[in-house]
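Asks: Have a look at this one before I ask anything.
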Amino acid sequence: MGSESRPASTPEGATSGNEAAAPEPAPPASDPQWRAILEGTAGGFGSGRRFLRLIPSSPRCKLCAAPFAGPGAPVMRMVDRGPWAKNPTICGFCFKELERGRGGAEIDLTLLFADIRGSTRLGESMGAASFHQLMGRFYREMTRVLVARDAVVDKFVGDEVVALFIPALTGPDHAGRAVETAREMLKATGHGDGAVPWAPLGIGIHTGPAYVGTVGDTVTDFTALGDTVNVTARLASAAAGGEILVSAHASALAGLQPELETRHLTLRGREQPLDVRVLHV
Ligand SMILES: [Zn+2]
């Protein structure tokens, strides 16, 4: 499924890769305190996550990884870590923390977009019930792989998942962690063992500056905004099933071998072609 099929409800300028005609609003101003939290030099971000992520479940709070379903969920609701009504990807506890310290900062991080190639055709050929099951499996498996590697599952948009690798959670090797995670995502969807994958996945990875923090007035979200986000979305769209396209910058940071296959991509709306390394499992 390409960008044309993404829901129109995706907020302007958010991590959707949406090709909206209107210019993007300038990201909010950077806050030094937020920068320290996101870069991991000040504590507090995603507190409790290392413990909460061990409770098996999906979905979860995207910040603290508290389980929203399964046996742990009733306890989580008692301690205010149940889904917040206005944005069920964030728990009530984390929402209050975000509201208290509203803001964010421009930091260097790594982004990962992954989408199911040809999902429209897949949906038509397998029927609604089976396709619904497949999407449920996709959400569960991708959440499991991403959370286990300290990524923030920013959002699922139809057949696409958007993940943030934030230094405070992953350490300085966020690019390397994203590449490792992408390989696990391909394995988890059945690539690489000679069989036909149950979800043919194309993945894009890019590292660069982006505004990370809270956005929105009536519905608060925690997300990343900016050019780095849009480039990553386009890399994922350009990846064939079973391919991971890693920007040259992210490849260098992740220490990928320079002799890997290189592709020169011309991305819509950009004059300079972008060099990417092509990975498989
Ligand atoms: Zn939370």
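Going through the structure tokens in order, the chains are called A, B, and so on, while each chain numbers its residues from 1 and the ligands are numbered from 1 in the order shown.
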Can you list every residue in stretch 14-115 of chain A that DSSP puts in strand (DSSP E or B), as an MDAnalysis selection string?

Replies: chainID A and resid 60 67 83:84 87:91 104:115

Asks: Taking only C-alpha atoms and all ligand atoms and a cut-off of 12 Å, can you tell me which residues surround ligand 1, written as a PyMOL selection string?

Replies: chain A and resi 45-50+52-53+59-68+76-77+79-84+87-98+152+222

Asks: From the options A:Ser125, A:Thr207, A:Ser58, A:Thr170, which residue's atoms come nearest to A:Ala252, counting only C-alpha atoms?

Replies: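 Of A:Ser125, A:Thr207, A:Ser58, A:Thr170, the one nearest A:Ala252 is A:Thr207, counting only C-alpha atoms.
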
Asks: With only C-alpha atoms as the atoms that count, which of A:Ala128, A:Ala178, A:Val212, A:Leu111 lies nearest to A:Ala224?

Replies: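 Ranking A:Ala128, A:Ala178, A:Val212, A:Leu111 by distance to A:Ala224, first place goes to A:Val212.
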
Asks: Hey, what's within 6 Å of A:Pro200 if we count only C-alpha atoms and toss same-chain stuff fewer than 6 positions away? As a PyMOL selection string, please?

Replies: chain A and resi 116-117+241

Asks: How would the residues just chosen look if you wrote them out with N, CA and C atoms as a PDB file, in the first residue's frame?

Replies:
```
ATOM      1  N   ILE A 116       3.967  -2.982   4.835  1.00  0.00           N
ATOM      2  CA  ILE A 116       3.687  -4.222   4.107  1.00  0.00           C
ATOM      3  C   ILE A 116       3.515  -3.878   2.641  1.00  0.00           C
ATOM      4  N   ARG A 117       4.376  -4.421   1.816  1.00  0.00           N
ATOM      5  CA  ARG A 117       4.291  -4.155   0.383  1.00  0.00           C
ATOM      6  C   ARG A 117       3.108  -4.915  -0.213  1.00  0.00           C
ATOM      7  N   GLY A 241       9.793  -5.578  -1.022  1.00  0.00           N
ATOM      8  CA  GLY A 241       9.555  -6.572   0.032  1.00  0.00           C
ATOM      9  C   GLY A 241      10.855  -7.280   0.396  1.00  0.00           C
TER      10      GLY A 241
END
```

Asks: Have a look at atom CA of A:Gly269 and atom CA of A:Ala238 and let me know their distance in Å, one decimal.

Replies: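 That distance, rounded to one decimal, is 14.3 Å.
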
Asks: As a ChimeraX atom specification, please: the residues near stretch 232-236 of chain A (cut-off 10 Å, only C-alpha atoms, same-chain neighbours under 2 positions excluded).

Replies: /A:2-3,15-18,110-117,160,162,201-208,227-230,238-241,243-247,265-268,274,276

Asks: Any idea what's packed within 6 Å of A:Asp275, counting only C-alpha atoms, ignoring anything in its chain fewer than 5 positions away? Could you give it as a count of residues only?

Replies: 3

Asks: Find the spatial neighbours of A:Leu109, counting only C-alpha atoms, within a cut-off of 7 Å - ignore same-chain residues fewer than 6 positions away - and output them as number ranges by chain.

Replies: A: 165-167, 174, 207-209

Asks: Please provide as a VMD selection string all residues within 10 Å of stretch 190-196 of chain A, with the sequence filter that same-chain residues fewer than 6 positions apart are discarded (counting only C-alpha atoms).

Replies: chain A and resid 183 to 184 241 to 243 280 to 281

Asks: Would you please give, as an MDAnalysis selection string, all residues of stretch 156-215 of chain A that DSSP assigns to helix (DSSP H, G or I) based on the backbone?

Replies: chainID A and resid 167:170 174:188

Asks: Quick one, how far is atom CA of A:Arg144 from atom CA of A:His249?

Replies: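 For atom CA of A:Arg144 relative to atom CA of A:His249, the distance reads 27.0 Å.
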
Asks: How many Å lie between atom CA of A:Asp31 and atom CA of A:Leu169, rounded to one decimal?

Replies: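 It comes out at 18.6 Å.
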
Asks: Pick from A:Val75, A:Ala105, A:Leu186, A:Ser119: nearest to A:Glu39, with only C-alpha atoms counted?

Replies: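 Between A:Val75, A:Ala105, A:Leu186, A:Ser119, the residue approaching A:Glu39 most closely is A:Ala105.
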